[in-house]
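Peer 1: To be precise about what I am sending: the file is called model-v1.pdb and holds PDB, C-alpha atoms, pLDDT in the B column.
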```
MODEL        1
ATOM      1  CA  MET Q   1      87.914 149.228 212.335  1.00 41.00           C
ATOM      2  CA  GLY Q   2      84.697 151.106 211.794  1.00 43.00           C
ATOM      3  CA  SER Q   3      82.613 151.110 208.675  1.00 44.00           C
ATOM      4  CA  THR Q   4      83.543 153.638 206.039  1.00 44.00           C
ATOM      5  CA  SER Q   5      81.128 155.531 203.833  1.00 42.00           C
ATOM      6  CA  ALA Q   6      83.116 154.951 200.662  1.00 45.00           C
ATOM      7  CA  LYS Q   7      85.623 152.308 199.692  1.00 46.00           C
ATOM      8  CA  THR Q   8      88.256 152.921 197.058  1.00 45.00           C
ATOM      9  CA  ALA Q   9      88.733 150.397 194.268  1.00 45.00           C
ATOM     10  CA  ARG Q  10      91.348 150.398 191.534  1.00 41.00           C
ATOM     11  CA  GLY Q  11      89.955 150.593 188.023  1.00 42.00           C
ATOM     12  CA  GLN Q  12      91.146 148.267 185.278  1.00 39.00           C
ATOM     13  CA  ALA Q  13      91.980 150.978 182.716  1.00 41.00           C
ATOM     14  CA  GLY Q  14      94.860 153.199 183.730  1.00 40.00           C
ATOM     15  CA  GLY Q  15      94.618 152.486 187.456  1.00 39.00           C
ATOM     16  CA  VAL Q  16      92.101 155.291 188.006  1.00 43.00           C
ATOM     17  CA  ALA Q  17      90.707 155.305 191.529  1.00 50.00           C
ATOM     18  CA  ARG Q  18      86.917 155.239 191.788  1.00 55.00           C
ATOM     19  CA  THR Q  19      84.718 155.066 194.835  1.00 60.00           C
ATOM     20  CA  VAL Q  20      82.124 152.446 195.656  1.00 79.00           C
ATOM     21  CA  CYS Q  21      79.336 154.067 197.612  1.00 83.00           C
ATOM     22  CA  ASP Q  22      77.915 152.381 200.726  1.00 86.00           C
ATOM     23  CA  ARG Q  23      74.319 153.534 200.787  1.00 87.00           C
ATOM     24  CA  GLY Q  24      73.620 152.646 204.411  1.00 88.00           C
ATOM     25  CA  ALA Q  25      76.696 154.438 205.716  1.00 88.00           C
ATOM     26  CA  MET Q  26      75.865 157.489 203.617  1.00 88.00           C
ATOM     27  CA  GLU Q  27      72.309 157.589 204.952  1.00 87.00           C
ATOM     28  CA  ARG Q  28      73.600 157.389 208.532  1.00 90.00           C
ATOM     29  CA  ALA Q  29      76.153 160.148 207.877  1.00 90.00           C
ATOM     30  CA  GLY Q  30      73.467 162.302 206.228  1.00 88.00           C
ATOM     31  CA  ALA Q  31      71.115 161.829 209.180  1.00 90.00           C
ATOM     32  CA  THR Q  32      73.908 162.688 211.641  1.00 92.00           C
ATOM     33  CA  CYS Q  33      74.757 165.782 209.636  1.00 90.00           C
ATOM     34  CA  GLU Q  34      71.153 166.977 209.476  1.00 89.00           C
ATOM     35  CA  ASP Q  35      70.721 166.309 213.200  1.00 91.00           C
ATOM     36  CA  ALA Q  36      73.837 168.382 213.945  1.00 90.00           C
ATOM     37  CA  MET Q  37      72.516 171.199 211.758  1.00 89.00           C
ATOM     38  CA  ARG Q  38      69.168 171.160 213.597  1.00 90.00           C
ATOM     39  CA  ARG Q  39      70.937 171.312 216.960  1.00 90.00           C
ATOM     40  CA  CYS Q  40      73.411 174.048 215.971  1.00 90.00           C
ATOM     41  CA  PHE Q  41      71.064 176.070 213.751  1.00 89.00           C
ATOM     42  CA  PRO Q  42      67.502 175.523 214.970  1.00 88.00           C
ATOM     43  CA  LEU Q  43      64.737 176.224 212.480  1.00 85.00           C
ATOM     44  CA  ASP Q  44      62.541 177.972 215.038  1.00 88.00           C
ATOM     45  CA  ARG Q  45      64.953 180.937 215.172  1.00 85.00           C
ATOM     46  CA  ALA Q  46      64.787 183.281 212.177  1.00 83.00           C
ATOM     47  CA  ASP Q  47      68.463 184.274 212.329  1.00 83.00           C
ATOM     48  CA  SER Q  48      69.698 180.678 212.010  1.00 85.00           C
ATOM     49  CA  ARG Q  49      67.308 179.475 209.257  1.00 87.00           C
ATOM     50  CA  ILE Q  50      69.445 180.804 206.401  1.00 88.00           C
ATOM     51  CA  SER Q  51      72.622 179.303 207.857  1.00 88.00           C
ATOM     52  CA  HIS Q  52      70.842 175.999 208.418  1.00 88.00           C
ATOM     53  CA  ALA Q  53      69.576 175.865 204.840  1.00 88.00           C
ATOM     54  CA  ARG Q  54      72.929 176.828 203.279  1.00 90.00           C
ATOM     55  CA  LEU Q  55      75.054 174.507 205.410  1.00 89.00           C
ATOM     56  CA  THR Q  56      72.645 171.594 205.036  1.00 88.00           C
ATOM     57  CA  ARG Q  57      72.712 172.038 201.258  1.00 87.00           C
ATOM     58  CA  ASP Q  58      76.512 172.282 201.178  1.00 87.00           C
ATOM     59  CA  PHE Q  59      77.404 169.527 203.654  1.00 88.00           C
ATOM     60  CA  CYS Q  60      74.479 167.166 204.230  1.00 87.00           C
ATOM     61  CA  ARG Q  61      72.874 166.820 200.799  1.00 84.00           C
ATOM     62  CA  PRO Q  62      76.102 165.584 199.114  1.00 84.00           C
ATOM     63  CA  LEU Q  63      76.020 162.616 201.518  1.00 85.00           C
ATOM     64  CA  ASP Q  64      73.911 160.711 199.003  1.00 85.00           C
ATOM     65  CA  CYS Q  65      75.243 158.066 196.598  1.00 87.00           C
ATOM     66  CA  ARG Q  66      73.154 159.332 193.666  1.00 87.00           C
ATOM     67  CA  ILE Q  67      74.355 162.925 194.101  1.00 85.00           C
ATOM     68  CA  ARG Q  68      77.980 161.784 194.387  1.00 83.00           C
ATOM     69  CA  ALA Q  69      77.661 159.664 191.244  1.00 84.00           C
ATOM     70  CA  ALA Q  70      76.212 162.636 189.335  1.00 83.00           C
ATOM     71  CA  GLN Q  71      79.018 164.929 190.551  1.00 79.00           C
ATOM     72  CA  LEU Q  72      81.676 162.368 189.608  1.00 80.00           C
ATOM     73  CA  SER Q  73      80.276 161.854 186.114  1.00 79.00           C
ATOM     74  CA  ALA Q  74      80.072 165.634 185.599  1.00 76.00           C
ATOM     75  CA  LEU Q  75      83.700 166.042 186.633  1.00 75.00           C
ATOM     76  CA  GLN Q  76      84.901 163.225 184.390  1.00 73.00           C
ATOM     77  CA  GLY Q  77      82.885 164.447 181.412  1.00 66.00           C
ATOM     78  CA  ARG Q  78      84.234 167.978 181.275  1.00 66.00           C
ATOM     79  CA  ALA Q  79      87.851 167.428 182.251  1.00 61.00           C
ATOM     80  CA  THR Q  80      90.151 168.573 179.458  1.00 67.00           C
ATOM     81  CA  PRO Q  81      93.753 167.568 179.897  1.00 76.00           C
ATOM     82  CA  VAL Q  82      96.120 170.457 180.471  1.00 79.00           C
ATOM     83  CA  VAL Q  83      98.516 168.984 177.924  1.00 82.00           C
ATOM     84  CA  VAL Q  84      95.954 169.390 175.133  1.00 85.00           C
ATOM     85  CA  LEU Q  85      95.421 173.043 176.056  1.00 85.00           C
ATOM     86  CA  ALA Q  86      99.175 173.658 176.247  1.00 88.00           C
ATOM     87  CA  VAL Q  87      99.696 172.110 172.802  1.00 90.00           C
ATOM     88  CA  LEU Q  88      96.914 174.257 171.338  1.00 93.00           C
ATOM     89  CA  ILE Q  89      98.414 177.419 172.843  1.00 95.00           C
ATOM     90  CA  LEU Q  90     101.866 176.450 171.574  1.00 96.00           C
ATOM     91  CA  PHE Q  91     100.460 175.817 168.102  1.00 96.00           C
ATOM     92  CA  ALA Q  92      98.724 179.212 168.084  1.00 96.00           C
ATOM     93  CA  CYS Q  93     101.960 180.960 169.142  1.00 96.00           C
ATOM     94  CA  VAL Q  94     103.996 179.164 166.462  1.00 95.00           C
ATOM     95  CA  ALA Q  95     101.391 180.050 163.837  1.00 95.00           C
ATOM     96  CA  ALA Q  96     101.385 183.727 164.890  1.00 94.00           C
ATOM     97  CA  PHE Q  97     105.190 183.862 164.874  1.00 92.00           C
ATOM     98  CA  SER Q  98     105.346 182.186 161.453  1.00 90.00           C
ATOM     99  CA  CYS Q  99     102.831 184.645 160.011  1.00 86.00           C
ATOM    100  CA  THR Q 100     104.812 187.563 161.422  1.00 83.00           C
ATOM    101  CA  VAL Q 101     108.088 186.291 159.949  1.00 80.00           C
ATOM    102  CA  PHE Q 102     106.423 185.634 156.594  1.00 81.00           C
ATOM    103  CA  CYS Q 103     104.865 189.101 156.492  1.00 76.00           C
ATOM    104  CA  VAL Q 104     108.183 190.767 157.357  1.00 72.00           C
ATOM    105  CA  ASN Q 105     110.175 188.795 154.790  1.00 72.00           C
ATOM    106  CA  GLU Q 106     107.603 189.035 152.025  1.00 76.00           C
ATOM    107  CA  SER Q 107     106.275 192.514 152.764  1.00 73.00           C
ATOM    108  CA  GLU Q 108     107.169 193.916 149.328  1.00 73.00           C
ATOM    109  CA  ASP Q 109     105.307 191.092 147.577  1.00 78.00           C
ATOM    110  CA  ILE Q 110     102.345 191.518 149.920  1.00 78.00           C
ATOM    111  CA  PHE Q 111     102.230 195.276 149.222  1.00 76.00           C
ATOM    112  CA  GLN Q 112     102.343 194.586 145.469  1.00 77.00           C
ATOM    113  CA  ALA Q 113      99.574 191.951 145.688  1.00 80.00           C
ATOM    114  CA  LEU Q 114      97.351 194.349 147.687  1.00 78.00           C
ATOM    115  CA  LYS Q 115      98.018 197.054 145.102  1.00 78.00           C
ATOM    116  CA  ASP Q 116      97.232 194.676 142.200  1.00 81.00           C
ATOM    117  CA  CYS Q 117      93.946 193.573 143.822  1.00 81.00           C
ATOM    118  CA  GLY Q 118      92.932 197.162 144.385  1.00 79.00           C
ATOM    119  CA  LEU Q 119      92.814 196.767 148.180  1.00 78.00           C
ATOM    120  CA  ALA Q 120      95.614 199.286 148.681  1.00 74.00           C
ATOM    121  CA  GLY Q 121      96.536 202.319 146.674  1.00 74.00           C
ATOM    122  CA  ALA Q 122     100.024 203.107 145.450  1.00 73.00           C
ATOM    123  CA  ASP Q 123     100.373 205.817 148.090  1.00 80.00           C
ATOM    124  CA  LEU Q 124      99.630 203.393 150.936  1.00 77.00           C
ATOM    125  CA  ALA Q 125     102.137 200.829 149.655  1.00 71.00           C
ATOM    126  CA  LYS Q 126     104.783 203.547 149.326  1.00 78.00           C
ATOM    127  CA  THR Q 127     104.049 204.817 152.845  1.00 83.00           C
ATOM    128  CA  TRP Q 128     104.347 201.284 154.294  1.00 78.00           C
ATOM    129  CA  THR Q 129     107.588 200.675 152.403  1.00 76.00           C
ATOM    130  CA  ARG Q 130     109.089 203.980 153.565  1.00 83.00           C
ATOM    131  CA  ALA Q 131     108.060 203.266 157.164  1.00 81.00           C
ATOM    132  CA  ARG Q 132     109.554 199.767 157.041  1.00 77.00           C
ATOM    133  CA  ASN Q 133     112.787 201.023 155.513  1.00 78.00           C
ATOM    134  CA  GLY Q 134     112.989 203.799 158.097  1.00 80.00           C
ATOM    135  CA  VAL Q 135     112.653 201.289 160.935  1.00 76.00           C
ATOM    136  CA  ARG Q 136     115.283 199.040 159.362  1.00 75.00           C
ATOM    137  CA  GLU Q 137     117.724 201.956 159.041  1.00 79.00           C
ATOM    138  CA  ARG Q 138     117.184 203.056 162.647  1.00 78.00           C
ATOM    139  CA  LEU Q 139     117.748 199.522 163.887  1.00 72.00           C
ATOM    140  CA  GLY Q 140     120.738 198.961 161.639  1.00 72.00           C
ATOM    141  CA  CYS Q 141     119.068 196.075 159.846  1.00 67.00           C
ATOM    142  CA  ASP Q 142     119.565 197.157 156.261  1.00 61.00           C
ATOM    143  CA  ARG Q 143     118.662 194.293 153.915  1.00 55.00           C
ATOM    144  CA  ILE Q 144     121.781 194.733 151.777  1.00 57.00           C
ATOM    145  CA  LYS Q 145     124.066 194.285 154.782  1.00 52.00           C
ATOM    146  CA  GLY Q 146     122.481 190.919 155.567  1.00 49.00           C
ATOM    147  CA  VAL Q 147     123.012 189.499 152.064  1.00 48.00           C
TER     148      VAL Q 147
ENDMDL
END
```
Do you think you could lay out the structure here as structure tokens?
Peer 2:
Amino acid sequence: MGSTSAKTARGQAGGVARTVCDRGAMERAGATCEDAMRRCFPLDRADSRISHARLTRDFCRPLDCRIRAAQLSALQGRATPVVVLAVLILFACVAAFSCTVFCVNESEDIFQALKDCGLAGADLAKTWTRARNGVRERLGCDRIKGV
């Protein structure tokens, strides 16, 4: 068996896998990578300089224990569990649905409160009430039938 550049160890908390970096192996891999880039994309040719720089940055520079540790800590620091986001979205949907149901059921009281506060005139409240009653009649959802 050959030497590996990173060995996996099991963490104590939650069995999370973490890597232990072998600095010597990483330096050898980085040197091999940079040598391959120099052979495939020589720096003396103008057309291959950009490719050399980009590919070296993308593939050879990450072969460093310090860079890998920084990338790992950045990934662990910003990871938000999907479950938390799903619960927040579910909560927002339930809240929106509850507000909609409340506004539909209590629309007459809401119109009266807006009228009493002076935020809505009597004409606006009457227009909203007529529109709501018209929609209920067209849909066959007359309030008296439901009681």
Peer 1: Pick out the closest residue to Arg66 of chain Q from this set: Q:Glu108, Q:Val20, Q:Ala29, Q:Phe91. Count all atoms listed in the file.
Peer 2: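 Using all atoms listed in the file, Arg66 of chain Q sits closest to Q:Val20.
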Peer 1: Which distance in Å separates atom CA of Gly24 of chain Q and atom CA of Phe59 of chain Q, to one decimal?
Peer 2: 17.3 Å
Peer 1: I'd like a table as a Markdown table: residues in segment 21-108 of chain Q with an atom no more than 12 Å from segment 120-135 of chain Q, each row giving the shortest atom pair and its distance in Å to one decimal, only C-alpha atoms counted, sorted by chain and rising residue number.
Peer 2:
```
| residue | atom | partner | partner_atom | distance |
| --- | --- | --- | --- | --- |
| Q:Cys103 | CA | Q:Arg132 | CA | 11.7 |
| Q:Val104 | CA | Q:Arg132 | CA | 9.1 |
| Q:Asn105 | CA | Q:Arg132 | CA | 11.2 |
| Q:Glu106 | CA | Q:Thr129 | CA | 11.6 |
| Q:Ser107 | CA | Q:Thr129 | CA | 8.3 |
| Q:Glu108 | CA | Q:Thr129 | CA | 7.4 |
```
Peer 1: Between atom CA of Pro42 of chain Q and atom CA of Gln71 of chain Q, what is the spacing in Å?
Peer 2: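 Taking atom CA of Gln71 of chain Q and atom CA of Pro42 of chain Q, their separation equals 29.0 Å.
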Peer 1: Pull the neighbourhood of (71.2, 166.8, 203.5) for me: all residues within 9 Å in file coordinates, counting only C-alpha atoms, as a PyMOL selection string.
Peer 2: chain Q and resi 30-31+33-34+55-64
Peer 1: Could you save the residues just selected, with C-alpha atoms, as a PDB file, in the coordinates of the input?
Peer 2:
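Saved as selection25.pdb:
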```
ATOM      1  CA  GLY Q  30      73.467 162.302 206.228  1.00 88.00           C
ATOM      2  CA  ALA Q  31      71.115 161.829 209.180  1.00 90.00           C
ATOM      3  CA  CYS Q  33      74.757 165.782 209.636  1.00 90.00           C
ATOM      4  CA  GLU Q  34      71.153 166.977 209.476  1.00 89.00           C
ATOM      5  CA  LEU Q  55      75.054 174.507 205.410  1.00 89.00           C
ATOM      6  CA  THR Q  56      72.645 171.594 205.036  1.00 88.00           C
ATOM      7  CA  ARG Q  57      72.712 172.038 201.258  1.00 87.00           C
ATOM      8  CA  ASP Q  58      76.512 172.282 201.178  1.00 87.00           C
ATOM      9  CA  PHE Q  59      77.404 169.527 203.654  1.00 88.00           C
ATOM     10  CA  CYS Q  60      74.479 167.166 204.230  1.00 87.00           C
ATOM     11  CA  ARG Q  61      72.874 166.820 200.799  1.00 84.00           C
ATOM     12  CA  PRO Q  62      76.102 165.584 199.114  1.00 84.00           C
ATOM     13  CA  LEU Q  63      76.020 162.616 201.518  1.00 85.00           C
ATOM     14  CA  ASP Q  64      73.911 160.711 199.003  1.00 85.00           C
TER      15      ASP Q  64
END
```
Peer 1: Calculate how many Å separate atom CA of Asp109 of chain Q from atom CA of Arg138 of chain Q, rounding to one decimal.
Peer 2: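 A separation of 22.6 Å between them.
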Peer 1: Using 3 Å of padding on each side, determine the axis-aligned box around all atoms of segment 46-50 of chain Q present in the file and give its centre and edge lengths in Å to one decimal, as JSON.
Peer 2:
```
{"center_x": 67.2, "center_y": 181.9, "center_z": 209.4, "size_x": 10.9, "size_y": 10.8, "size_z": 11.9}
```
Peer 1: Restore N, CA and C atoms in segment 80-94 of chain Q and list the result as a short mmCIF file (atom, residue, chain, number, x, y, z; two decimals), in the frame of the given file.
Peer 2:
```cif
data_model
loop_
_atom_site.label_atom_id
_atom_site.label_comp_id
_atom_site.auth_asym_id
_atom_site.auth_seq_id
_atom_site.Cartn_x
_atom_site.Cartn_y
_atom_site.Cartn_z
N THR Q 80 89.30 168.50 180.63
CA THR Q 80 90.15 168.57 179.46
C THR Q 80 91.59 168.55 179.94
N PRO Q 81 92.36 167.64 179.43
CA PRO Q 81 93.75 167.57 179.90
C PRO Q 81 94.51 168.86 179.63
N VAL Q 82 95.33 169.23 180.58
CA VAL Q 82 96.12 170.46 180.47
C VAL Q 82 97.09 170.36 179.30
N VAL Q 83 97.56 169.17 179.02
CA VAL Q 83 98.52 168.98 177.92
C VAL Q 83 97.89 169.38 176.60
N VAL Q 84 96.63 169.04 176.38
CA VAL Q 84 95.95 169.39 175.13
C VAL Q 84 95.86 170.91 175.00
N LEU Q 85 95.50 171.58 176.09
CA LEU Q 85 95.42 173.04 176.06
C LEU Q 85 96.79 173.67 175.81
N ALA Q 86 97.82 173.13 176.43
CA ALA Q 86 99.18 173.66 176.25
C ALA Q 86 99.63 173.49 174.80
N VAL Q 87 99.32 172.35 174.20
CA VAL Q 87 99.70 172.11 172.80
C VAL Q 87 98.95 173.07 171.88
N LEU Q 88 97.68 173.31 172.16
CA LEU Q 88 96.91 174.26 171.34
C LEU Q 88 97.47 175.68 171.45
N ILE Q 89 97.83 176.09 172.65
CA ILE Q 89 98.41 177.42 172.84
C ILE Q 89 99.76 177.51 172.14
N LEU Q 90 100.57 176.48 172.26
CA LEU Q 90 101.87 176.45 171.57
C LEU Q 90 101.68 176.54 170.06
N PHE Q 91 100.73 175.79 169.53
CA PHE Q 91 100.46 175.82 168.10
C PHE Q 91 100.03 177.21 167.65
N ALA Q 92 99.17 177.86 168.43
CA ALA Q 92 98.72 179.21 168.08
C ALA Q 92 99.89 180.20 168.10
N CYS Q 93 100.79 180.07 169.07
CA CYS Q 93 101.96 180.96 169.14
C CYS Q 93 102.89 180.73 167.96
N VAL Q 94 103.13 179.47 167.61
CA VAL Q 94 104.00 179.16 166.46
C VAL Q 94 103.38 179.70 165.18
#
```
